[in-house]
$ cat work-v1.pdb   # PDB, C-alpha atoms
ATOM      1  CA  PHE A1164       0.000   0.000   0.000
ATOM      2  CA  MET A1165       1.329   3.410  -1.023
ATOM      3  CA  SER A1166       0.028   6.609   0.458
ATOM      4  CA  ARG A1167      -0.688   9.599  -1.740
ATOM      5  CA  PRO A1168       1.929  12.352  -1.626
ATOM      6  CA  SER A1169       1.009  15.110   0.759
ATOM      7  CA  HIS A1170       0.689  18.678  -0.489
ATOM      8  CA  ARG A1171       2.347  19.852   2.693
ATOM      9  CA  THR A1172       5.990  19.733   3.518
ATOM     10  CA  SER A1173       8.038  20.931   6.447
ATOM     11  CA  GLN A1174       9.004  24.060   4.493
ATOM     12  CA  GLY A1175       5.839  25.121   2.724
ATOM     13  CA  ARG A1176       2.534  24.111   1.240
ATOM     14  CA  VAL A1177       0.728  24.112  -2.083
ATOM     15  CA  VAL A1178      -1.872  26.824  -2.612
ATOM     16  CA  LYS A1179      -4.374  26.966  -5.475
ATOM     17  CA  ILE A1180      -4.840  30.314  -7.213
ATOM     18  CA  GLY A1181      -6.858  30.719 -10.407
ATOM     19  CA  GLY A1182      -6.408  27.116 -11.474
ATOM     20  CA  PHE A1183      -2.676  27.130 -10.657
ATOM     21  CA  GLU A1184      -0.953  25.099  -7.985
ATOM     22  CA  ILE A1185       1.791  27.218  -6.438
ATOM     23  CA  PHE A1186       4.230  26.097  -3.765
ATOM     24  CA  ASN A1187       4.926  28.752  -1.131
ATOM     25  CA  GLY A1188       8.284  27.436  -0.127
ATOM     26  CA  PRO A1189      11.781  26.971  -1.586
ATOM     27  CA  CYS A1190      11.672  25.033  -4.837
ATOM     28  CA  GLN A1191      14.049  22.324  -3.625
ATOM     29  CA  SER A1192      11.235  21.265  -1.277
ATOM     30  CA  CYS A1193       8.470  21.429  -3.881
ATOM     31  CA  PRO A1194       6.446  18.200  -4.138
ATOM     32  CA  ILE A1195       6.554  16.417  -7.483
ATOM     33  CA  VAL A1196       2.775  16.760  -7.903
ATOM     34  CA  VAL A1197       3.233  20.452  -8.718
ATOM     35  CA  GLN A1198       3.886  21.015 -12.427
ATOM     36  CA  PRO A1199       6.282  23.743 -13.657
ATOM     37  CA  TRP A1200       4.583  27.144 -13.792
ATOM     38  CA  ILE A1201       5.008  27.590 -17.564
ATOM     39  CA  LYS A1202       3.523  24.152 -18.193
ATOM     40  CA  GLN A1203       0.528  25.014 -16.004
ATOM     41  CA  PHE A1204       0.034  28.353 -17.768
ATOM     42  CA  CYS A1205       0.116  26.931 -21.302
ATOM     43  CA  SER A1206      -2.111  23.963 -20.447
ATOM     44  CA  HIS A1207      -4.856  26.249 -19.144
ATOM     45  CA  PRO A1208      -7.885  26.079 -21.528
ATOM     46  CA  LEU A1209      -7.874  29.864 -22.022
ATOM     47  CA  ASN A1210      -4.194  29.978 -22.960
ATOM     48  CA  SER A1211      -4.126  27.724 -26.025
ATOM     49  CA  TRP A1212      -2.752  30.570 -28.159
ATOM     50  CA  TYR A1213       0.463  30.810 -26.131
ATOM     51  CA  ALA A1214       3.739  29.082 -26.909
ATOM     52  CA  GLU A1215       5.794  27.549 -24.104
ATOM     53  CA  VAL A1216       8.623  30.001 -23.551
ATOM     54  CA  ASP A1217      11.911  28.166 -23.076
ATOM     55  CA  LEU A1218      12.961  28.296 -19.426
ATOM     56  CA  GLU A1219      16.495  29.445 -20.209
ATOM     57  CA  TYR A1220      15.091  32.193 -22.431
ATOM     58  CA  ALA A1221      12.804  33.333 -19.618
ATOM     59  CA  LYS A1222      15.688  33.489 -17.145
ATOM     60  CA  ASP A1223      18.180  35.226 -19.444
ATOM     61  CA  TRP A1224      18.674  38.805 -18.206
ATOM     62  CA  PHE A1225      19.222  39.989 -21.790
ATOM     63  CA  ASN A1226      15.562  39.235 -22.541
ATOM     64  CA  HIS A1227      14.406  41.315 -19.555
ATOM     65  CA  TYR A1228      15.539  44.630 -21.032
ATOM     66  CA  GLY A1229      12.910  47.305 -20.412
ATOM     67  CA  LEU A1230      10.596  44.973 -18.475
ATOM     68  CA  LYS A1231      11.779  45.311 -14.898
ATOM     69  CA  GLU A1232      10.575  48.910 -14.655
ATOM     70  CA  SER A1233       7.051  48.006 -15.794
ATOM     71  CA  ILE A1234       6.504  44.857 -13.703
ATOM     72  CA  ASP A1235       5.750  45.119  -9.991
ATOM     73  CA  ARG A1236       7.528  42.510  -7.876
ATOM     74  CA  PHE A1237       9.629  41.607 -10.912
ATOM     75  CA  ASP A1238      12.091  39.402  -9.022
ATOM     76  CA  GLU A1239       9.370  37.335  -7.330
ATOM     77  CA  ALA A1240       7.388  37.062 -10.586
ATOM     78  CA  LEU A1241      10.479  35.757 -12.363
ATOM     79  CA  GLU A1242      11.133  33.289  -9.539
ATOM     80  CA  LEU A1243       7.576  32.005  -9.955
ATOM     81  CA  ILE A1244       7.832  31.656 -13.739
ATOM     82  CA  SER A1245      11.216  29.924 -13.579
ATOM     83  CA  ASP A1246      10.326  27.732 -10.558
ATOM     84  CA  GLN A1247      13.198  29.065  -8.486
ATOM     85  CA  HIS A1248      11.479  30.097  -5.259
ATOM     86  CA  SER A1249      13.803  31.396  -2.585
ATOM     87  CA  GLU A1250      13.534  30.741   1.147
ATOM     88  CA  LYS A1251      11.461  33.904   1.629
ATOM     89  CA  TRP A1252       8.500  32.246  -0.113
ATOM     90  CA  THR A1253       7.688  30.491   3.165
ATOM     91  CA  GLU A1254       6.703  33.907   4.549
ATOM     92  CA  TYR A1255       4.209  34.767   1.789
ATOM     93  CA  ASP A1256       0.485  34.522   2.508
ATOM     94  CA  VAL A1257      -2.145  33.770  -0.137
ATOM     95  CA  LYS A1258      -2.759  37.479  -0.827
ATOM     96  CA  THR A1259       0.929  38.089  -1.547
ATOM     97  CA  ILE A1260       1.213  35.011  -3.763
ATOM     98  CA  THR A1261      -1.886  36.134  -5.667
ATOM     99  CA  GLU A1262      -0.264  39.512  -6.337
ATOM    100  CA  ILE A1263       2.931  37.800  -7.523
ATOM    101  CA  GLN A1264       0.882  35.466  -9.722
ATOM    102  CA  GLN A1265      -0.796  38.405 -11.463
ATOM    103  CA  GLN A1266       2.560  40.017 -12.170
ATOM    104  CA  ALA A1267       4.005  36.685 -13.312
ATOM    105  CA  ILE A1268       1.259  36.392 -15.947
ATOM    106  CA  ARG A1269       2.008  39.927 -17.112
ATOM    107  CA  LEU A1270       5.758  39.231 -17.232
ATOM    108  CA  TYR A1271       5.246  35.951 -19.077
ATOM    109  CA  GLY A1272       3.085  37.704 -21.648
ATOM    110  CA  MET A1273       5.759  40.316 -22.353
ATOM    111  CA  LEU A1274       8.480  37.665 -22.605
ATOM    112  CA  HIS A1275       6.174  35.647 -24.850
ATOM    113  CA  ALA A1276       5.761  38.547 -27.296
ATOM    114  CA  ARG A1277       9.546  38.566 -27.733
ATOM    115  CA  TYR A1278       9.992  34.803 -27.747
ATOM    116  CA  ILE A1279       7.588  34.190 -30.644
ATOM    117  CA  LEU A1280       9.650  36.503 -32.871
ATOM    118  CA  GLN A1281      12.658  34.185 -32.783
ATOM    119  CA  ARG A1282      13.195  30.713 -34.234
ATOM    120  CA  ASP A1283      11.978  28.378 -31.484
ATOM    121  CA  GLY A1284       8.949  30.489 -30.698
ATOM    122  CA  LEU A1285       8.021  30.808 -34.368
ATOM    123  CA  ALA A1286       8.257  27.035 -34.758
ATOM    124  CA  GLN A1287       5.784  26.493 -31.918
ATOM    125  CA  MET A1288       3.392  29.065 -33.357
ATOM    126  CA  LYS A1289       3.674  27.387 -36.769
ATOM    127  CA  GLU A1290       2.398  24.135 -35.258
ATOM    128  CA  LYS A1291      -0.551  25.946 -33.719
ATOM    129  CA  TYR A1292      -1.283  27.785 -36.975
ATOM    130  CA  GLU A1293      -1.302  24.564 -38.999
ATOM    131  CA  LYS A1294      -3.752  23.044 -36.513
ATOM    132  CA  GLY A1295      -6.053  26.061 -36.838
ATOM    133  CA  VAL A1296      -5.748  26.944 -33.144
ATOM    134  CA  PHE A1297      -6.282  30.655 -33.879
ATOM    135  CA  GLY A1298      -9.418  30.128 -35.925
ATOM    136  CA  HIS A1299     -10.391  30.939 -39.516
ATOM    137  CA  CYS A1300     -11.220  34.129 -41.376
ATOM    138  CA  PRO A1301     -14.950  34.955 -41.217
ATOM    139  CA  ARG A1302     -14.801  36.581 -44.670
ATOM    140  CA  PHE A1303     -16.628  34.324 -47.141
ATOM    141  CA  SER A1304     -14.207  34.800 -50.051
ATOM    142  CA  CYS A1305     -11.182  33.860 -47.915
ATOM    143  CA  ASN A1306     -12.452  30.252 -47.840
ATOM    144  CA  ASP A1307     -11.663  29.489 -44.181
ATOM    145  CA  GLN A1308      -8.180  30.977 -44.331
ATOM    146  CA  LYS A1309      -6.355  30.322 -41.041
ATOM    147  CA  LEU A1310      -5.672  33.359 -38.866
ATOM    148  CA  LEU A1311      -2.736  34.627 -36.800
ATOM    149  CA  PRO A1312      -2.864  36.419 -33.416
ATOM    150  CA  PHE A1313      -2.152  40.139 -33.498
ATOM    151  CA  GLY A1314      -1.728  42.923 -30.949
ATOM    152  CA  GLU A1315      -2.348  46.580 -31.725
ATOM    153  CA  THR A1316       0.379  47.745 -29.354
ATOM    154  CA  VAL A1317       3.307  46.477 -27.291
ATOM    155  CA  GLN A1318       1.898  48.221 -24.219
ATOM    156  CA  PRO A1319       0.044  45.813 -21.894
ATOM    157  CA  ASN A1320      -3.536  46.419 -20.747
ATOM    158  CA  HIS A1321      -4.362  48.679 -23.704
ATOM    159  CA  HIS A1322      -6.041  46.429 -26.282
ATOM    160  CA  SER A1323      -7.267  42.868 -26.453
ATOM    161  CA  ALA A1324      -5.739  40.425 -28.924
ATOM    162  CA  LYS A1325      -7.087  40.458 -32.463
ATOM    163  CA  LEU A1326      -6.653  38.105 -35.440
ATOM    164  CA  TYR A1327      -4.902  38.833 -38.734
ATOM    165  CA  CYS A1328      -5.819  37.173 -42.035
ATOM    166  CA  PRO A1329      -2.852  36.468 -44.357
ATOM    167  CA  GLN A1330      -5.169  36.545 -47.379
ATOM    168  CA  CYS A1331      -7.331  39.668 -47.068
ATOM    169  CA  CYS A1332      -4.810  41.331 -44.709
ATOM    170  CA  ASP A1333      -7.626  42.503 -42.456
ATOM    171  CA  ILE A1334      -7.991  42.403 -38.672
ATOM    172  CA  TYR A1335     -10.823  40.634 -36.850
ATOM    173  CA  ARG A1336     -12.038  40.540 -33.279
ATOM    174  CA  PRO A1337     -12.295  36.981 -31.879
ATOM    175  CA  PRO A1338     -15.238  36.121 -29.589
ATOM    176  CA  ASP A1339     -13.060  35.720 -26.478
ATOM    177  CA  SER A1340     -10.458  38.392 -27.259
ATOM    178  CA  ASN A1341     -11.212  40.272 -24.049
ATOM    179  CA  LEU A1342      -9.511  37.417 -22.151
ATOM    180  CA  ILE A1343      -6.165  37.852 -23.945
ATOM    181  CA  ASP A1344      -3.891  40.902 -23.836
ATOM    182  CA  GLY A1345      -2.837  41.913 -27.344
ATOM    183  CA  ALA A1346       0.595  42.989 -26.054
ATOM    184  CA  HIS A1347       1.366  39.318 -25.388
ATOM    185  CA  PHE A1348       1.615  38.878 -29.182
ATOM    186  CA  GLY A1349       2.356  42.364 -30.468
ATOM    187  CA  PRO A1350       1.852  44.060 -33.853
ATOM    188  CA  ALA A1351       4.934  42.566 -35.517
ATOM    189  CA  PHE A1352       4.229  38.865 -35.020
ATOM    190  CA  PRO A1353       2.015  38.072 -38.082
ATOM    191  CA  HIS A1354       4.421  39.802 -40.452
ATOM    192  CA  VAL A1355       7.558  38.194 -39.004
ATOM    193  CA  PHE A1356       5.754  34.847 -39.156
ATOM    194  CA  LEU A1357       4.875  35.271 -42.840
ATOM    195  CA  ILE A1358       8.419  36.351 -43.689
ATOM    196  CA  GLU A1359       9.780  33.251 -41.939
ATOM    197  CA  TYR A1360       7.140  30.997 -43.546
ATOM    198  CA  PRO A1361       6.260  32.655 -46.894
ATOM    199  CA  LYS A1362       4.194  29.674 -48.039
ATOM    200  CA  PHE A1363       1.478  30.789 -45.614
ATOM    201  CA  ASN A1364       1.267  34.242 -47.188
ATOM    202  CA  THR A1365      -1.832  33.912 -49.373
ATOM    203  CA  SER A1366      -2.368  37.612 -50.089
ATOM    204  CA  ASP A1367      -1.972  36.889 -53.823
ATOM    205  CA  LYS A1368      -5.223  34.894 -53.631
ATOM    206  CA  PHE A1369      -7.203  37.850 -52.307
ATOM    207  CA  ALA A1370     -10.321  38.442 -54.382
ATOM    208  CA  PRO A1371     -12.261  41.608 -53.485
ATOM    209  CA  TYR A1372     -16.016  41.355 -53.698
ATOM    210  CA  GLN A1373     -17.381  42.837 -56.915
ATOM    211  CA  PRO A1374     -21.008  44.066 -56.742
ATOM    212  CA  LYS A1375     -23.133  42.940 -59.680
ATOM    213  CA  ILE A1376     -26.566  43.631 -61.144
ATOM    214  CA  PHE A1377     -27.985  40.833 -63.298
ATOM    215  CA  GLY A1378     -24.448  39.496 -63.663
ATOM    216  CA  TYR A1379     -22.885  42.817 -64.663
ATOM    217  CA  ASN A1380     -20.333  44.660 -62.556
ATOM    218  CA  VAL A1381     -21.479  47.710 -60.612
ATOM    219  CA  TYR A1382     -19.202  50.770 -60.471
ATOM    220  CA  ASP A1383     -19.296  54.009 -58.536
ATOM    221  CA  ARG A1384     -18.830  57.334 -60.299
ATOM    222  CA  LYS A1385     -18.629  60.512 -58.272
ATOM    223  CA  ASP A1386     -20.448  62.505 -60.946
ATOM    224  CA  LYS A1387     -23.458  60.234 -61.508
ATOM    225  CA  GLY A1388     -23.442  57.731 -58.688
ATOM    226  CA  LEU A1389     -23.801  54.019 -59.348
ATOM    227  CA  PHE A1390     -23.937  52.556 -62.807
ATOM    228  CA  TYR A1391     -23.270  49.122 -64.258
ATOM    229  CA  ALA A1392     -21.350  47.955 -67.308
ATOM    230  CA  HIS A1393     -23.314  45.944 -69.867
ATOM    231  CA  SER A1394     -20.958  44.260 -72.315
ATOM    232  CA  THR A1395     -18.687  47.073 -73.564
ATOM    233  CA  ASN A1396     -21.349  49.758 -73.186
ATOM    234  CA  LYS A1397     -21.846  51.646 -69.946
ATOM    235  CA  ILE A1398     -25.530  52.092 -69.166
ATOM    236  CA  ASP A1399     -26.483  54.885 -66.800
ATOM    237  CA  PRO A1400     -29.923  54.105 -65.301
ATOM    238  CA  SER A1401     -30.475  57.782 -64.517
ATOM    239  CA  VAL A1402     -30.646  58.678 -68.214
TER     240      VAL A1402
END
$ encode --input "work-v1.pdb" --output "structure tokens"
Amino acid sequence: FMSRPSHRTSQGRVVKIGGFEIFNGPCQSCPIVVQPWIKQFCSHPLNSWYAEVDLEYAKDWFNHYGLKESIDRFDEALELISDQHSEKWTEYDVKTITEIQQQAIRLYGMLHARYILQRDGLAQMKEKYEKGVFGHCPRFSCNDQKLLPFGETVQPNHHSAKLYCPQCCDIYRPPDSNLIDGAHFGPAFPHVFLIEYPKFNTSDKFAPYQPKIFGYNVYDRKDKGLFYAHSTNKIDPSV
């Protein structure tokens, strides 16, 4: 008979916050039932768009440039993301860990926006794109063209994530976009992606909708309004 592993240890315990299991003790004492933070984040049903940022990339100080000033409790948030809790974590109550968790999500999102612009991140996003994880273009003439995530700005908490169509080159609002910060993907990602994988750039297939009357094309003239072309003769219905 084997007993189930306890969530409590002599140096901390596991707390549950927003679907995450977080150990409030030094990581060398963390029970094996607790998954790495990045794995937990990316396996969350609402986070299917996100790539798994490489742990070494997340810890590399070079990739933190410009982030420390905009993230509260940066050091603790990074410890949480990289599963390197120090001894002081034993002193944190649930409220403090919740605050660190919120900042960790923000920090991960900003690191993610940078990670998906380089080779390994692009490769992960390519797999998601090919599976249609980001959805399909709602425009009829795009014939279910797969979409790419897009952010209007690199500043967090300004705009929700949108979707970019490689065929009509337009931007769409997904149903659940309010749950995802657009800064976690950024405005450059779709274009870098299509440069890296040009076979997915289908803009040459774009076919604008052409209005017709009885099978003839309808045009707009500023002087006489709408008219349609019949064979080679232009017929103005106002005459």
$ atom_distance --input "work-v1.pdb" --atom1 "atom CA of A:Ser1211" --atom2 "atom CA of A:Phe1297"
8.7 Å
$ closest_residue --input "work-v1.pdb" --among "A:Met1288, A:Leu1241, A:Cys1332, A:Ala1276" --to "A:Cys1300" --atoms "all atoms listed in the file"
A:Cys1332
$ resolve_selection --input "work-v1.pdb" --expression "the PyMOL selection byres ((chain A and resi 1310-1314) around 9)" --output "PyMOL selection string"
chain A and resi 1212+1288+1292+1295-1300+1307-1309+1315-1317+1322-1329+1334+1344-1353+1356
$ closest_residue --input "work-v1.pdb" --among "A:Gly1272, A:Pro1361, A:Gly1378, A:Gly1182" --to "A:Pro1208" --atoms "only C-alpha atoms"
A:Gly1182
$ closest_residue --input "work-v1.pdb" --among "A:Pro1338, A:Ile1201, A:Gln1247, A:Ile1234" --to "A:His1275" --atoms "all atoms listed in the file"
A:Ile1201
$ resolve_selection --input "work-v1.pdb" --expression "the PyMOL selection byres ((chain A and resi 1304) around 8)" --output "list of chain:residue names"
A:Arg1302, A:Phe1303, A:Cys1305, A:Asn1306, A:Phe1369, A:Ala1370, A:Pro1371, A:Tyr1372
$ write_last_selection --input "work-v1.pdb" --atoms "C-alpha atoms" --output "PDB file, in the frame of the given file"
ATOM      1  CA  ARG A1302     -14.801  36.581 -44.670  1.00  0.00           C
ATOM      2  CA  PHE A1303     -16.628  34.324 -47.141  1.00  0.00           C
ATOM      3  CA  CYS A1305     -11.182  33.860 -47.915  1.00  0.00           C
ATOM      4  CA  ASN A1306     -12.452  30.252 -47.840  1.00  0.00           C
ATOM      5  CA  PHE A1369      -7.203  37.850 -52.307  1.00  0.00           C
ATOM      6  CA  ALA A1370     -10.321  38.442 -54.382  1.00  0.00           C
ATOM      7  CA  PRO A1371     -12.261  41.608 -53.485  1.00  0.00           C
ATOM      8  CA  TYR A1372     -16.016  41.355 -53.698  1.00  0.00           C
TER       9      TYR A1372
END
$ closest_residue --input "work-v1.pdb" --among "A:Asn1210, A:Val1257, A:Asn1226, A:Ile1185" --to "A:Ile1244" --atoms "all atoms listed in the file"
A:Ile1185
$ atom_distance --input "work-v1.pdb" --atom1 "atom CA of A:Thr1261" --atom2 "atom CA of A:Tyr1278"
25.1 Å
$ residues_around --input "work-v1.pdb" --residues "A:Gly1181" --least-positions-apart "3" --cutoff "12 Å" --atoms "all atoms listed in the file" --output "short mmCIF file (atom, residue, chain, number, x, y, z; two decimals) with C-alpha atoms, in the frame of the given file"
data_model
loop_
_atom_site.label_atom_id
_atom_site.label_comp_id
_atom_site.auth_asym_id
_atom_site.auth_seq_id
_atom_site.Cartn_x
_atom_site.Cartn_y
_atom_site.Cartn_z
CA VAL A 1178 -1.87 26.82 -2.61
CA GLU A 1184 -0.95 25.10 -7.98
CA ILE A 1185 1.79 27.22 -6.44
CA GLN A 1203 0.53 25.01 -16.00
CA PHE A 1204 0.03 28.35 -17.77
CA HIS A 1207 -4.86 26.25 -19.14
CA LEU A 1209 -7.87 29.86 -22.02
CA VAL A 1257 -2.14 33.77 -0.14
CA ILE A 1260 1.21 35.01 -3.76
CA THR A 1261 -1.89 36.13 -5.67
CA GLU A 1262 -0.26 39.51 -6.34
CA GLN A 1264 0.88 35.47 -9.72
CA GLN A 1265 -0.80 38.40 -11.46
CA ILE A 1268 1.26 36.39 -15.95
#
$ closest_residue --input "work-v1.pdb" --among "A:Tyr1335, A:Trp1252, A:Phe1186, A:Phe1225" --to "A:Gln1198" --atoms "all atoms listed in the file"
A:Phe1186
$ atom_distance --input "work-v1.pdb" --atom1 "atom CA of A:Gly1284" --atom2 "atom CA of A:Ser1245"
17.3 Å
$ closest_residue --input "work-v1.pdb" --among "A:Asn1380, A:Leu1274, A:Asp1246, A:Glu1293" --to "A:Pro1199" --atoms "all atoms listed in the file"
A:Asp1246
$ resolve_selection --input "work-v1.pdb" --expression "the PyMOL selection byres ((chain A and resi 1217) around 9)" --output "VMD selection string"
chain A and resid 1201 1215 to 1216 1218 to 1222 1278 1283 to 1284
$ decode --input "work-v1.pdb" --residues "stretch 1175-1185 of chain A" --atoms "all heavy atoms" --output "CSV table (one decimal), in the first residue's frame"
chain,number,residue,atom,x,y,z
A,1175,GLY,N,6.8,24.4,3.5
A,1175,GLY,CA,5.8,25.1,2.7
A,1175,GLY,C,4.7,24.3,2.4
A,1175,GLY,O,4.6,23.1,2.8
A,1176,ARG,N,3.7,24.9,1.6
A,1176,ARG,CA,2.5,24.1,1.2
A,1176,ARG,C,2.1,24.6,-0.1
A,1176,ARG,O,2.5,25.6,-0.6
A,1176,ARG,CB,1.4,24.3,2.2
A,1176,ARG,CG,0.9,25.8,2.3
A,1176,ARG,CD,-0.1,25.9,3.5
A,1176,ARG,NE,-0.6,27.3,3.6
A,1176,ARG,CZ,-1.6,27.8,2.9
A,1176,ARG,NH1,-2.3,27.0,2.2
A,1176,ARG,NH2,-2.0,29.0,3.1
A,1177,VAL,N,1.2,23.8,-0.8
A,1177,VAL,CA,0.7,24.1,-2.1
A,1177,VAL,C,-0.6,24.9,-1.9
A,1177,VAL,O,-1.5,24.5,-1.2
A,1177,VAL,CB,0.5,22.8,-2.9
A,1177,VAL,CG1,-0.2,23.2,-4.2
A,1177,VAL,CG2,1.8,22.1,-3.1
A,1178,VAL,N,-0.6,26.0,-2.6
A,1178,VAL,CA,-1.9,26.8,-2.6
A,1178,VAL,C,-2.4,26.9,-4.0
A,1178,VAL,O,-1.7,26.8,-5.0
A,1178,VAL,CB,-1.6,28.3,-2.1
A,1178,VAL,CG1,-1.2,28.2,-0.6
A,1178,VAL,CG2,-0.6,29.0,-2.9
A,1179,LYS,N,-3.7,26.9,-4.2
A,1179,LYS,CA,-4.4,27.0,-5.5
A,1179,LYS,C,-4.9,28.4,-5.7
A,1179,LYS,O,-5.7,28.9,-5.0
A,1179,LYS,CB,-5.5,25.9,-5.5
A,1179,LYS,CG,-5.0,24.5,-5.5
A,1179,LYS,CD,-6.2,23.5,-5.7
A,1179,LYS,CE,-5.6,22.1,-5.7
A,1179,LYS,NZ,-6.7,21.1,-6.0
A,1180,ILE,N,-4.4,29.0,-6.9
A,1180,ILE,CA,-4.8,30.3,-7.2
A,1180,ILE,C,-5.2,30.3,-8.7
A,1180,ILE,O,-4.3,30.1,-9.5
A,1180,ILE,CB,-3.7,31.3,-6.9
A,1180,ILE,CG1,-3.4,31.3,-5.4
A,1180,ILE,CG2,-4.1,32.7,-7.4
A,1180,ILE,CD1,-2.2,32.2,-5.1
A,1181,GLY,N,-6.4,30.6,-9.0
A,1181,GLY,CA,-6.9,30.7,-10.4
A,1181,GLY,C,-6.5,29.5,-11.3
A,1181,GLY,O,-6.1,29.7,-12.4
A,1182,GLY,N,-6.7,28.3,-10.7
A,1182,GLY,CA,-6.4,27.1,-11.5
A,1182,GLY,C,-5.0,26.7,-11.4
A,1182,GLY,O,-4.6,25.6,-12.0
A,1183,PHE,N,-4.1,27.5,-10.8
A,1183,PHE,CA,-2.7,27.1,-10.7
A,1183,PHE,C,-2.4,26.5,-9.3
A,1183,PHE,O,-3.0,26.9,-8.3
A,1183,PHE,CB,-1.8,28.4,-10.8
A,1183,PHE,CG,-1.6,28.9,-12.2
A,1183,PHE,CD1,-2.7,29.5,-12.8
A,1183,PHE,CD2,-0.4,28.7,-12.9
A,1183,PHE,CE1,-2.5,30.0,-14.1
A,1183,PHE,CE2,-0.3,29.2,-14.2
A,1183,PHE,CZ,-1.3,29.8,-14.8
A,1184,GLU,N,-1.5,25.6,-9.2
A,1184,GLU,CA,-1.0,25.1,-8.0
A,1184,GLU,C,0.4,25.7,-7.8
A,1184,GLU,O,1.3,25.5,-8.6
A,1184,GLU,CB,-0.9,23.6,-8.0
A,1184,GLU,CG,-2.2,22.9,-8.0
A,1184,GLU,CD,-2.1,21.4,-7.8
A,1184,GLU,OE1,-1.0,20.8,-8.2
A,1184,GLU,OE2,-3.1,20.7,-7.4
A,1185,ILE,N,0.6,26.5,-6.7
A,1185,ILE,CA,1.8,27.2,-6.4
A,1185,ILE,C,2.3,26.8,-5.1
A,1185,ILE,O,1.6,26.8,-4.1
A,1185,ILE,CB,1.5,28.7,-6.5
A,1185,ILE,CG1,1.1,29.1,-7.9
A,1185,ILE,CG2,2.8,29.5,-6.2
A,1185,ILE,CD1,0.6,30.6,-8.0
